[in-house]
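Below is input-v6.txt, which holds compact mmCIF, C-alpha atoms and all ligand atoms.
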# COMPACT_ATOMS: atom_id res chain seq x y z
CA MET S 133 -12.39 -7.33 -15.60
CA SER S 134 -15.67 -6.11 -14.18
CA ALA S 135 -17.21 -2.78 -15.07
CA GLU S 136 -16.89 -1.65 -11.44
CA SER S 137 -13.13 -1.95 -11.36
CA LEU S 138 -11.26 1.08 -10.00
CA LEU S 139 -7.64 -0.03 -10.01
CA HIS S 140 -6.74 -3.38 -11.44
CA PHE S 141 -3.34 -5.06 -11.41
CA ASP S 142 -3.63 -7.54 -14.23
CA ASN S 143 -0.88 -10.18 -13.98
CA VAL S 144 1.70 -7.52 -13.16
CA THR S 145 5.41 -8.25 -13.02
CA MET S 146 8.17 -5.76 -12.23
CA ALA S 147 11.80 -6.69 -12.80
CA PHE S 148 14.65 -4.26 -12.24
CA GLY S 149 17.98 -4.10 -13.99
CA GLY S 150 17.84 -7.03 -16.37
CA ASN S 151 20.95 -7.43 -18.54
CA ARG S 152 22.46 -10.09 -20.79
CA ARG S 153 24.13 -12.03 -17.98
CA ASN S 154 21.12 -11.78 -15.76
CA PRO S 155 18.14 -11.35 -18.05
CA ASP S 156 15.49 -11.31 -15.36
CA GLY S 157 17.29 -8.85 -13.07
CA VAL S 158 15.68 -8.49 -9.67
CA VAL S 159 12.08 -9.59 -9.83
CA ALA S 160 10.46 -7.29 -7.28
CA LEU S 161 6.89 -8.32 -8.04
CA GLU S 162 5.63 -11.32 -9.99
CA ASN S 163 2.28 -12.04 -11.66
CA LEU S 164 0.26 -9.90 -9.28
CA ASP S 165 -3.50 -9.92 -9.68
CA LEU S 166 -5.45 -7.46 -7.60
CA GLU S 167 -8.67 -5.64 -8.27
CA ILE S 168 -9.91 -2.72 -6.22
CA ARG S 169 -13.56 -2.29 -6.91
CA ALA S 170 -15.20 1.05 -7.54
CA ASP S 171 -18.60 0.08 -6.20
CA GLU S 172 -17.55 -0.86 -2.66
CA PRO S 173 -14.85 1.28 -1.03
CA SER S 174 -12.45 -0.93 0.83
CA ILE S 175 -9.13 -1.02 2.63
CA ILE S 176 -6.70 -3.50 1.21
CA ALA S 177 -3.51 -4.22 3.10
CA ILE S 178 -0.32 -5.35 1.41
CA ALA S 179 1.97 -6.93 3.99
CA GLY S 180 5.32 -8.65 3.98
CA GLU S 181 8.79 -8.10 5.34
CA SER S 182 11.30 -5.64 3.95
CA GLY S 183 12.18 -6.32 0.31
CA SER S 184 9.01 -8.27 -0.45
CA GLY S 185 7.90 -5.83 -3.15
CA LYS S 186 5.39 -3.67 -1.26
CA SER S 187 6.74 -0.30 -2.36
CA THR S 188 7.14 -1.57 -5.89
CA LEU S 189 3.44 -2.44 -5.89
CA ALA S 190 2.62 1.06 -4.57
CA ARG S 191 4.74 2.77 -7.20
CA LEU S 192 3.18 0.67 -9.97
CA GLY S 193 -0.29 1.62 -8.76
CA LEU S 194 0.69 5.28 -8.72
CA GLY S 195 2.07 5.16 -12.25
CA MET S 196 5.59 5.90 -11.04
CA LEU S 197 6.90 2.64 -12.49
CA LYS S 198 5.97 0.96 -15.74
CA PRO S 199 5.46 -2.78 -15.28
CA THR S 200 7.74 -5.10 -17.21
CA GLY S 201 4.84 -7.55 -17.55
CA GLY S 202 1.06 -7.28 -17.38
CA ARG S 203 -0.97 -4.10 -17.04
CA VAL S 204 -2.08 -1.65 -14.39
CA ILE S 205 -5.55 -0.46 -15.32
CA TYR S 206 -7.47 2.48 -13.86
CA LYS S 207 -11.19 2.62 -14.63
CA GLY S 208 -10.69 0.34 -17.58
CA GLN S 209 -7.74 2.25 -19.02
CA ASP S 210 -4.13 1.06 -19.00
CA LEU S 211 -2.12 3.68 -17.05
CA TRP S 212 0.49 3.70 -19.77
CA SER S 213 -1.83 4.41 -22.67
CA MET S 214 -4.05 7.12 -21.22
CA SER S 215 -5.10 10.27 -23.00
CA GLY S 216 -4.13 13.59 -21.43
CA ASP S 217 -7.57 14.03 -19.89
CA GLN S 218 -7.66 10.49 -18.52
CA ARG S 219 -4.24 10.94 -17.01
CA ARG S 220 -5.27 14.19 -15.37
CA ASP S 221 -8.32 12.57 -13.77
CA TYR S 222 -6.25 9.63 -12.61
CA ARG S 223 -3.64 11.99 -11.13
CA ARG S 224 -6.32 13.69 -9.10
CA GLU S 225 -8.33 10.63 -8.15
CA VAL S 226 -5.44 8.46 -6.97
CA GLN S 227 -3.37 10.05 -4.23
CA ALA S 228 -0.23 8.93 -2.42
CA ILE S 229 0.82 9.07 1.20
CA PHE S 230 4.36 8.03 1.96
CA GLN S 231 6.27 7.03 5.05
CA ASP S 232 8.04 10.30 5.58
CA PRO S 233 5.26 12.65 4.66
CA PHE S 234 7.33 15.76 4.10
CA ALA S 235 10.37 14.18 2.50
CA VAL S 236 8.99 15.06 -0.91
CA TYR S 237 8.16 18.64 0.01
CA ASN S 238 10.42 21.62 0.23
CA PRO S 239 11.10 22.38 3.91
CA PHE S 240 10.84 26.10 3.16
CA TYR S 241 7.24 25.80 1.98
CA THR S 242 4.52 26.56 4.44
CA VAL S 243 1.48 24.37 5.00
CA ASP S 244 -0.61 26.89 3.04
CA ARG S 245 1.59 26.53 0.03
CA LEU S 246 1.46 22.77 0.27
CA LEU S 247 -2.31 22.87 0.17
CA ARG S 248 -2.63 25.63 -2.42
CA THR S 249 -0.42 23.96 -5.00
CA PRO S 250 -2.77 21.07 -5.77
CA MET S 251 -5.73 23.46 -5.76
CA ARG S 252 -3.99 25.52 -8.41
CA THR S 253 -2.86 22.51 -10.44
CA PHE S 254 -6.36 21.11 -10.58
CA LYS S 255 -8.19 24.48 -10.52
CA LEU S 256 -10.25 23.52 -7.51
CA ALA S 257 -10.96 26.95 -6.05
CA LYS S 258 -13.04 29.70 -7.63
CA SER S 259 -11.59 32.49 -5.48
CA LYS S 260 -9.22 33.23 -2.62
CA SER S 261 -11.93 32.89 -0.04
CA HIS S 262 -13.11 29.67 -1.62
CA ALA S 263 -9.54 28.34 -1.42
CA ARG S 264 -9.41 29.23 2.26
CA GLU S 265 -12.75 27.53 2.81
CA LEU S 266 -11.56 24.35 1.11
CA MET S 267 -8.37 24.31 3.19
CA GLU S 268 -10.26 24.79 6.43
CA ASP S 269 -12.71 22.08 5.45
CA VAL S 270 -10.07 19.41 4.79
CA LEU S 271 -8.03 20.35 7.85
CA ASP S 272 -11.18 20.00 9.90
CA LYS S 273 -11.79 16.56 8.38
CA VAL S 274 -8.43 15.33 9.66
CA GLY S 275 -8.90 16.94 13.06
CA LEU S 276 -6.59 19.95 12.69
CA ARG S 277 -7.46 23.57 13.31
CA ALA S 278 -6.56 25.87 10.44
CA ASN S 279 -5.19 28.66 12.65
CA GLU S 280 -2.87 26.19 14.35
CA VAL S 281 -1.17 24.94 11.21
CA LEU S 282 -1.60 27.35 8.32
CA GLY S 283 1.42 29.60 7.88
CA ARG S 284 3.69 27.12 9.60
CA TYR S 285 6.71 25.31 8.26
CA PRO S 286 7.12 21.52 8.41
CA HIS S 287 9.70 21.64 11.21
CA GLN S 288 7.23 23.54 13.39
CA LEU S 289 4.80 20.62 13.32
CA SER S 290 4.73 17.27 15.04
CA GLY S 291 5.02 14.04 13.05
CA GLY S 292 1.36 13.34 13.59
CA GLN S 293 0.34 16.83 12.44
CA ARG S 294 2.44 16.50 9.32
CA GLN S 295 0.94 13.19 8.39
CA ARG S 296 -2.55 14.63 8.90
CA ILE S 297 -1.69 17.52 6.63
CA VAL S 298 -0.66 15.08 3.95
CA VAL S 299 -3.97 13.30 4.40
CA ALA S 300 -5.77 16.68 4.23
CA ARG S 301 -3.91 17.48 1.04
CA SER S 302 -5.09 14.23 -0.54
CA LEU S 303 -8.64 14.96 0.57
CA LEU S 304 -8.64 18.31 -1.23
CA LEU S 305 -8.57 16.39 -4.46
CA GLN S 306 -11.51 14.18 -3.48
CA PRO S 307 -9.67 11.04 -4.48
CA HIS S 308 -11.23 7.65 -5.08
CA LEU S 309 -8.15 5.82 -3.90
CA ILE S 310 -5.27 6.58 -1.57
CA VAL S 311 -2.11 4.54 -1.83
CA ALA S 312 -0.40 4.74 1.55
CA ASP S 313 3.08 3.22 1.79
CA GLU S 314 3.92 2.64 5.47
CA PRO S 315 2.08 5.85 6.42
CA VAL S 316 2.43 5.45 10.17
CA SER S 317 5.76 3.71 10.59
CA MET S 318 7.58 6.96 11.40
CA ILE S 319 4.90 8.17 13.76
CA ASP S 320 4.87 7.64 17.52
CA ALA S 321 2.92 4.56 18.55
CA SER S 322 0.59 6.78 20.58
CA LEU S 323 -0.49 8.69 17.45
CA ARG S 324 -0.60 5.74 15.12
CA ALA S 325 -4.04 4.47 16.05
CA ASN S 326 -5.33 7.98 15.65
CA ILE S 327 -4.14 8.39 12.05
CA LEU S 328 -5.27 4.87 11.18
CA THR S 329 -8.73 5.63 12.48
CA LYS S 330 -8.78 8.73 10.28
CA LEU S 331 -7.85 6.67 7.26
CA LYS S 332 -10.64 4.24 8.04
CA GLU S 333 -13.12 7.09 8.32
CA LEU S 334 -12.19 8.15 4.81
CA ARG S 335 -13.61 4.89 3.57
CA ASP S 336 -16.77 5.12 5.64
CA GLU S 337 -17.52 8.83 5.27
CA PHE S 338 -16.19 9.68 1.83
CA GLY S 339 -16.12 6.34 0.03
CA ILE S 340 -12.37 6.47 -0.48
CA SER S 341 -10.56 3.16 -0.93
CA LEU S 342 -7.16 2.63 0.58
CA LEU S 343 -4.24 0.51 -0.45
CA TYR S 344 -2.51 0.21 2.90
CA ILE S 345 1.07 -0.94 2.61
CA THR S 346 2.70 -2.10 5.78
CA HIS S 347 5.10 -4.53 7.38
CA ASP S 348 2.93 -4.41 10.46
CA LEU S 349 0.20 -7.04 10.68
CA ALA S 350 -1.25 -5.60 13.87
CA THR S 351 -2.25 -2.32 12.20
CA ALA S 352 -3.33 -4.16 9.05
CA ASN S 353 -5.70 -6.16 11.23
CA GLN S 354 -7.09 -2.97 12.78
CA ILE S 355 -8.22 -1.28 9.61
CA SER S 356 -8.20 -3.60 6.61
CA ASP S 357 -10.95 -5.50 4.84
CA LYS S 358 -8.68 -7.63 2.73
CA ILE S 359 -5.01 -8.53 2.94
CA LEU S 360 -2.36 -9.81 0.55
CA ILE S 361 0.76 -11.35 2.03
CA LEU S 362 3.80 -10.88 -0.18
CA TYR S 363 6.91 -12.99 -0.03
CA ARG S 364 9.76 -12.04 -2.36
CA GLY S 365 7.40 -10.51 -4.87
CA ARG S 366 4.77 -13.21 -4.85
CA VAL S 367 1.41 -13.29 -3.11
CA VAL S 368 1.50 -16.32 -0.83
CA GLU S 369 -1.84 -15.80 0.90
CA VAL S 370 -4.81 -13.56 0.23
CA GLY S 371 -8.17 -13.18 1.88
CA ASP S 372 -10.25 -11.39 4.44
CA ALA S 373 -7.79 -9.52 6.69
CA SER S 374 -9.02 -10.74 10.06
CA THR S 375 -9.24 -14.33 8.78
CA VAL S 376 -5.71 -14.31 7.39
CA ILE S 377 -4.26 -12.71 10.50
CA GLN S 378 -6.22 -14.78 13.00
CA ARG S 379 -6.08 -18.07 11.08
CA PRO S 380 -2.98 -17.82 8.92
CA GLN S 381 -2.49 -20.87 6.71
CA HIS S 382 0.62 -20.30 4.64
CA PRO S 383 3.72 -21.22 6.67
CA TYR S 384 5.16 -17.79 5.88
CA THR S 385 2.05 -15.99 7.12
CA GLN S 386 2.19 -18.15 10.24
CA LEU S 387 5.77 -17.02 10.79
CA LEU S 388 4.78 -13.37 10.38
CA VAL S 389 1.81 -13.69 12.70
CA SER S 390 3.86 -15.50 15.33
CA SER S 391 6.25 -12.56 15.42
CA ILE S 392 3.53 -10.11 16.46
CA PRO S 393 4.29 -9.65 20.14
CA ARG S 394 1.14 -10.55 22.03
CA PRO S 395 1.70 -9.38 25.62
CA ASP S 396 1.82 -5.67 24.84
CA PRO S 397 -0.96 -4.71 22.42
CA GLU S 398 0.53 -1.22 22.10
CA LYS S 399 3.66 -2.61 20.57
CA THR S 400 3.48 -3.80 17.01
CA TRP S 401 5.59 -6.20 15.10
CA GLU S 402 8.51 -4.39 13.52
CA GLY S 403 9.15 -6.79 10.71
CA ARG S 404 12.65 -7.84 11.62
CA VAL S 405 12.48 -11.42 10.39
CA GLU S 406 15.89 -11.87 8.80
CA ILE S 407 16.07 -13.14 5.25
CA PRO S 408 19.30 -14.93 4.35
CA LEU S 409 21.13 -12.63 1.96
CA GLU S 410 21.57 -15.22 -0.79
CA GLU S 411 17.83 -15.33 -1.18
CA LEU S 412 17.84 -11.73 -2.26
CA THR S 413 20.72 -11.83 -4.71
CA PRO S 414 19.84 -10.68 -8.19
CA GLY S 415 18.86 -13.45 -10.55
CA ALA S 416 18.27 -15.88 -7.69
CA ASP S 417 16.37 -18.88 -8.92
CA ARG S 418 12.66 -18.24 -8.80
CA ALA S 419 11.47 -21.73 -9.64
CA GLY S 420 9.33 -23.44 -7.03
CA CYS S 421 7.95 -22.08 -3.79
CA LEU S 422 10.29 -19.25 -2.77
CA PHE S 423 9.72 -19.93 0.92
CA ARG S 424 10.72 -23.60 0.86
CA HIS S 425 14.26 -22.93 2.15
CA ARG S 426 12.82 -21.50 5.34
CA CYS S 427 9.74 -23.69 5.55
CA PRO S 428 9.31 -26.33 8.24
CA HIS S 429 6.93 -28.25 5.95
CA ALA S 430 9.02 -28.24 2.75
CA MET S 431 8.32 -31.25 0.52
CA PRO S 432 9.83 -32.43 -2.77
CA GLU S 433 6.94 -30.95 -4.78
CA CYS S 434 7.79 -27.47 -3.47
CA GLU S 435 10.43 -27.35 -6.24
CA ILE S 436 7.47 -26.57 -8.50
CA THR S 437 5.66 -23.29 -7.93
CA PRO S 438 2.34 -24.04 -6.20
CA ASP S 439 -1.02 -22.81 -7.44
CA TYR S 440 -3.51 -21.21 -5.08
CA TYR S 441 -5.56 -23.56 -2.95
CA GLU S 442 -8.51 -22.95 -0.69
CA GLY S 443 -7.06 -22.37 2.77
CA GLY S 444 -10.10 -23.64 4.67
CA TYR S 445 -11.37 -20.30 6.03
CA GLY S 446 -12.02 -18.59 2.72
CA GLN S 447 -8.52 -17.41 1.95
CA SER S 448 -6.32 -18.53 -0.94
CA VAL S 449 -2.94 -20.01 -0.14
CA ALA S 450 -0.05 -20.77 -2.48
CA CYS S 451 1.03 -23.94 -0.66
CA TYR S 452 0.78 -27.68 -1.33
CA LEU S 453 -0.32 -28.33 2.25
CA TYR S 454 -3.81 -27.29 1.12
CA ARG S 455 -3.92 -29.17 -2.17
CA GLU S 456 -6.65 -31.54 -1.08
CA ASN S 457 -8.92 -28.55 -0.37
CA GLY S 458 -8.99 -27.88 -4.09
CA ALA S 459 -8.10 -24.88 -6.20
CA ALA S 460 -9.00 -21.44 -4.90
CA ASN S 461 -11.24 -19.44 -7.20
P1 LIG S 501 9.51 -3.40 0.22
O1 LIG S 501 8.82 -2.09 0.02
O2 LIG S 501 8.58 -4.52 0.52
O3 LIG S 501 10.59 -3.32 1.24
P2 LIG S 501 10.57 -2.99 -2.46
O4 LIG S 501 9.39 -2.97 -3.38
O5 LIG S 501 11.14 -1.68 -2.09
O6 LIG S 501 10.22 -3.84 -1.16
O7 LIG S 501 11.72 -3.86 -3.11
C1 LIG S 501 11.51 -5.17 -3.61
C2 LIG S 501 12.78 -5.68 -4.26
O8 LIG S 501 13.04 -4.91 -5.43
C3 LIG S 501 14.01 -5.54 -3.39
O9 LIG S 501 14.85 -6.65 -3.65
C4 LIG S 501 14.64 -4.27 -3.89
O10 LIG S 501 16.03 -4.28 -3.68
C5 LIG S 501 14.30 -4.30 -5.36
N1 LIG S 501 14.18 -2.95 -5.93
C6 LIG S 501 13.24 -2.02 -5.61
N2 LIG S 501 13.41 -0.91 -6.35
C7 LIG S 501 14.48 -1.12 -7.15
C8 LIG S 501 15.17 -0.36 -8.15
N3 LIG S 501 14.74 0.90 -8.48
N4 LIG S 501 16.23 -0.92 -8.75
C9 LIG S 501 16.62 -2.17 -8.45
N5 LIG S 501 16.04 -2.95 -7.54
C10 LIG S 501 14.97 -2.44 -6.88
MG MG S 502 8.91 -0.31 1.08
Written as structure tokens, how would this file's structure read?
Amino acid sequence: MSAESLLHFDNVTMAFGGNRRNPDGVVALENLDLEIRADEPSIIAIAGESGSGKSTLARLGLGMLKPTGGRVIYKGQDLWSMSGDQRRDYRREVQAIFQDPFAVYNPFYTVDRLLRTPMRTFKLAKSKSHARELMEDVLDKVGLRANEVLGRYPHQLSGGQRQRIVVARSLLLQPHLIVADEPVSMIDASLRANILTKLKELRDEFGISLLYITHDLATANQISDKILILYRGRVVEVGDASTVIQRPQHPYTQLLVSSIPRPDPEKTWEGRVEIPLEELTPGADRAGCLFRHRCPHAMPECEITPDYYEGGYGQSVACYLYRENGAAN
């Protein structure tokens, strides 16, 4: 691990509900390696269809789940062996944005209260007027006017306004990393680009990195530097986002990319590739390439889990089709 590591998933595995009959349970994420660097803020997309382990990855990164294998490390410290002070810093510096931004908040709390609570928890404001100043500042950063939203209740706001308030709330804490799990999937297509642009500006203007979790490759392409494609808990392809999306090499990535509707750029892929149910049953065999049952190129060697090979455009691909290119670094 380098000294500049911000958040580091070190060979992380998450299995749910193991028991004697089914010792491995459901493996939601397997041997994940991912390092978000502290010295160059970046946007990393995690993409894959429903059930591929995206939210599990988000919850592991947020310390909401303890991995069953490997370690999640923030600034050199395992999340699960932090001191009180380290944990407090981590709690402030790594913020979450979820799909339904207000689901976790009490509907009877006003926007003010939503913003004041973190300020109180982390003692950010020196006085009442300072608190007001901080609120106005972050609302301004996300393009909202304080007098339009303060004092209001969630139901009095539009979906786009709510999501911006959640972004503003994260900004109050001056985070280093925002973990956003499908942040725009419940927002009207017309507002989506707007929020995504805001998230991108956070990287450029405030040096905040973003772990952008999505089933939508079109938006991933718009804002991300790097992308990981997950299939049933395993990374099948990883690399520069535009390279992977424009020149996908893994047969699964090719399937995902081919389901982005091209004619209407406003419409994005909705991730409705059906997975046969038996593939998702608990304890399903995880030997070999997990995509081979759906793969047009399946070969006998696919019974053995492939390593990562150089995909030809700089990405790494877990597929024997690229074996002659040599191992990816
Ligand atoms: P995604 O966000 O990509 O849709 P998830 O991370 O939510 O995927 O889920 C990945 C797999 O892990 C799924 O098979 C899901 O059913 C399973 N899973 C997720 N959370 C739990 C849990 N708390 N208990 C049991 N299984 C879970
Ligand atoms: Mg999810």
**Study point:** Surroundings of ligand LIG 501 (chain S) up to 10 Å, based on all atoms listed in the file, as a PyMOL selection string
**Key:** chain S and resi 146-150+157-161+178-192+197+313-314+345-347+362-365+411-414
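Neighbours of Leu266 (chain S) closer than or equal to 9 Å, with only C-alpha atoms counted and sequence neighbours fewer than 6 positions away skipped, come out as Leu256, Ala257 and Leu304 of chain S.
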Check your understanding: Quick one: residues within 10 Å of region 276-282 of chain S, all atoms listed in the file counted, chain neighbours fewer than 3 positions away excluded, as a list in words?
Key -> Thr242, Val243, Asp244, Arg245, Leu246, Leu247, Arg264, Glu265, Met267, Glu268, Asp269, Val270, Leu271, Asp272, Lys273, Tyr285, Pro286, Gln288, Leu289, Gln293, Arg294, Arg296, Ile297 and Ala300 of chain S
Check your understanding: Can you tell me how far CA of Ser137 (chain S) sits from CA of Gln295 (chain S), in Å to one decimal?
Key -> 28.6 Å
Listed atoms of region 438-457 of chain S boxed axis-aligned with 3 Å per side, centre + edges as JSON:
{"center_x": -4.8, "center_y": -24.5, "center_z": -0.7, "size_x": 20.4, "size_y": 20.1, "size_z": 19.5}
Taking (-2.0, -18.0, 0.2) as a centre in this file's frame and 9 Å as the limit, can you find every polymer residue with an atom that close, using all atoms listed in the file, and give them as a PDB file with C-alpha atoms, in the frame of the given file?
ATOM      1  CA  LEU S 360      -2.360  -9.810   0.550  1.00  0.00           C
ATOM      2  CA  ILE S 361       0.760 -11.350   2.030  1.00  0.00           C
ATOM      3  CA  VAL S 367       1.410 -13.290  -3.110  1.00  0.00           C
ATOM      4  CA  VAL S 368       1.500 -16.320  -0.830  1.00  0.00           C
ATOM      5  CA  GLU S 369      -1.840 -15.800   0.900  1.00  0.00           C
ATOM      6  CA  VAL S 370      -4.810 -13.560   0.230  1.00  0.00           C
ATOM      7  CA  GLY S 371      -8.170 -13.180   1.880  1.00  0.00           C
ATOM      8  CA  VAL S 376      -5.710 -14.310   7.390  1.00  0.00           C
ATOM      9  CA  PRO S 380      -2.980 -17.820   8.920  1.00  0.00           C
ATOM     10  CA  GLN S 381      -2.490 -20.870   6.710  1.00  0.00           C
ATOM     11  CA  HIS S 382       0.620 -20.300   4.640  1.00  0.00           C
ATOM     12  CA  THR S 385       2.050 -15.990   7.120  1.00  0.00           C
ATOM     13  CA  TYR S 440      -3.510 -21.210  -5.080  1.00  0.00           C
ATOM     14  CA  TYR S 441      -5.560 -23.560  -2.950  1.00  0.00           C
ATOM     15  CA  GLU S 442      -8.510 -22.950  -0.690  1.00  0.00           C
ATOM     16  CA  GLY S 443      -7.060 -22.370   2.770  1.00  0.00           C
ATOM     17  CA  GLN S 447      -8.520 -17.410   1.950  1.00  0.00           C
ATOM     18  CA  SER S 448      -6.320 -18.530  -0.940  1.00  0.00           C
ATOM     19  CA  VAL S 449      -2.940 -20.010  -0.140  1.00  0.00           C
ATOM     20  CA  ALA S 450      -0.050 -20.770  -2.480  1.00  0.00           C
ATOM     21  CA  CYS S 451       1.030 -23.940  -0.660  1.00  0.00           C
TER      22      CYS S 451
END
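Proximity to ligand MG 502 (chain S) was assessed for S:Ala312, S:Leu164, S:Val274, S:Leu453 counting all atoms listed in the file; the smallest distance is recorded for S:Ala312.
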Practice item. Counting all atoms listed in the file, figure out which residue out of S:Gly420, S:Gly195, S:Ile355, S:Asn143 gets nearest to Arg223 (chain S). Key: S:Gly195
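CA of His429 (chain S) to CA of Asn353 (chain S) spans 26.0 Å [interatomic distance, one decimal].
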Check your understanding: In terms of the shortest atom-to-atom distance over all atoms listed in the file, which of S:Ala350, S:Ile377, S:Ser213, S:Pro315 is closest to ligand MG 502 (chain S)?
Key -> S:Pro315
Check your understanding: What is the distance, in Å and to one decimal place, between CA of Arg152 (chain S) and CA of Asp210 (chain S)?
Key ->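 CA of Asp210 (chain S) lies 28.9 Å from CA of Arg152 (chain S).
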Check your understanding: Counting all atoms listed in the file, which of S:Phe230, S:Asp336, S:Tyr452, S:Met251 gets nearest to ligand MG 502 (chain S)?
Key ->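 When distances to ligand MG 502 (chain S) are compared using all atoms listed in the file, the smallest one comes from S:Phe230.
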Check your understanding: Given the choices S:Val226, S:Asp232, S:Lys330, S:Leu342, which gets closest to ligand MG 502 (chain S) if the distance is worked out from all atoms listed in the file?
Key ->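 That would be S:Asp232, the residue with the smallest distance to ligand MG 502 (chain S).
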Practice item. Would you list the residues near (3.3, 5.3, 13.1) (no more than 10 Å away, in the coordinates of the file, using all atoms listed in the file) as a list in words? Key: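 Those residues lying close to the given coordinates are Gln231, Gly291, Gly292, Gln295, Glu314, Pro315, Val316, Ser317, Met318, Ile319, Asp320, Ala321, Ser322, Leu323, Arg324, Ala325, Asn326, Ile327, Leu328, Thr351 and Thr400 of chain S.
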What does the file look like for those residues with C-alpha atoms, as a PDB file, in the coordinates of the input?
ATOM      1  CA  GLN S 231       6.270   7.030   5.050  1.00  0.00           C
ATOM      2  CA  GLY S 291       5.020  14.040  13.050  1.00  0.00           C
ATOM      3  CA  GLY S 292       1.360  13.340  13.590  1.00  0.00           C
ATOM      4  CA  GLN S 295       0.940  13.190   8.390  1.00  0.00           C
ATOM      5  CA  GLU S 314       3.920   2.640   5.470  1.00  0.00           C
ATOM      6  CA  PRO S 315       2.080   5.850   6.420  1.00  0.00           C
ATOM      7  CA  VAL S 316       2.430   5.450  10.170  1.00  0.00           C
ATOM      8  CA  SER S 317       5.760   3.710  10.590  1.00  0.00           C
ATOM      9  CA  MET S 318       7.580   6.960  11.400  1.00  0.00           C
ATOM     10  CA  ILE S 319       4.900   8.170  13.760  1.00  0.00           C
ATOM     11  CA  ASP S 320       4.870   7.640  17.520  1.00  0.00           C
ATOM     12  CA  ALA S 321       2.920   4.560  18.550  1.00  0.00           C
ATOM     13  CA  SER S 322       0.590   6.780  20.580  1.00  0.00           C
ATOM     14  CA  LEU S 323      -0.490   8.690  17.450  1.00  0.00           C
ATOM     15  CA  ARG S 324      -0.600   5.740  15.120  1.00  0.00           C
ATOM     16  CA  ALA S 325      -4.040   4.470  16.050  1.00  0.00           C
ATOM     17  CA  ASN S 326      -5.330   7.980  15.650  1.00  0.00           C
ATOM     18  CA  ILE S 327      -4.140   8.390  12.050  1.00  0.00           C
ATOM     19  CA  LEU S 328      -5.270   4.870  11.180  1.00  0.00           C
ATOM     20  CA  THR S 351      -2.250  -2.320  12.200  1.00  0.00           C
ATOM     21  CA  THR S 400       3.480  -3.800  17.010  1.00  0.00           C
TER      22      THR S 400
END
Study note, to complete from the structure: Using only C-alpha atoms, the residue out of S:Glu225, S:Asp372, S:Asp357, S:Asp348 with shortest distance to Val311 (chain S) is S:Glu225
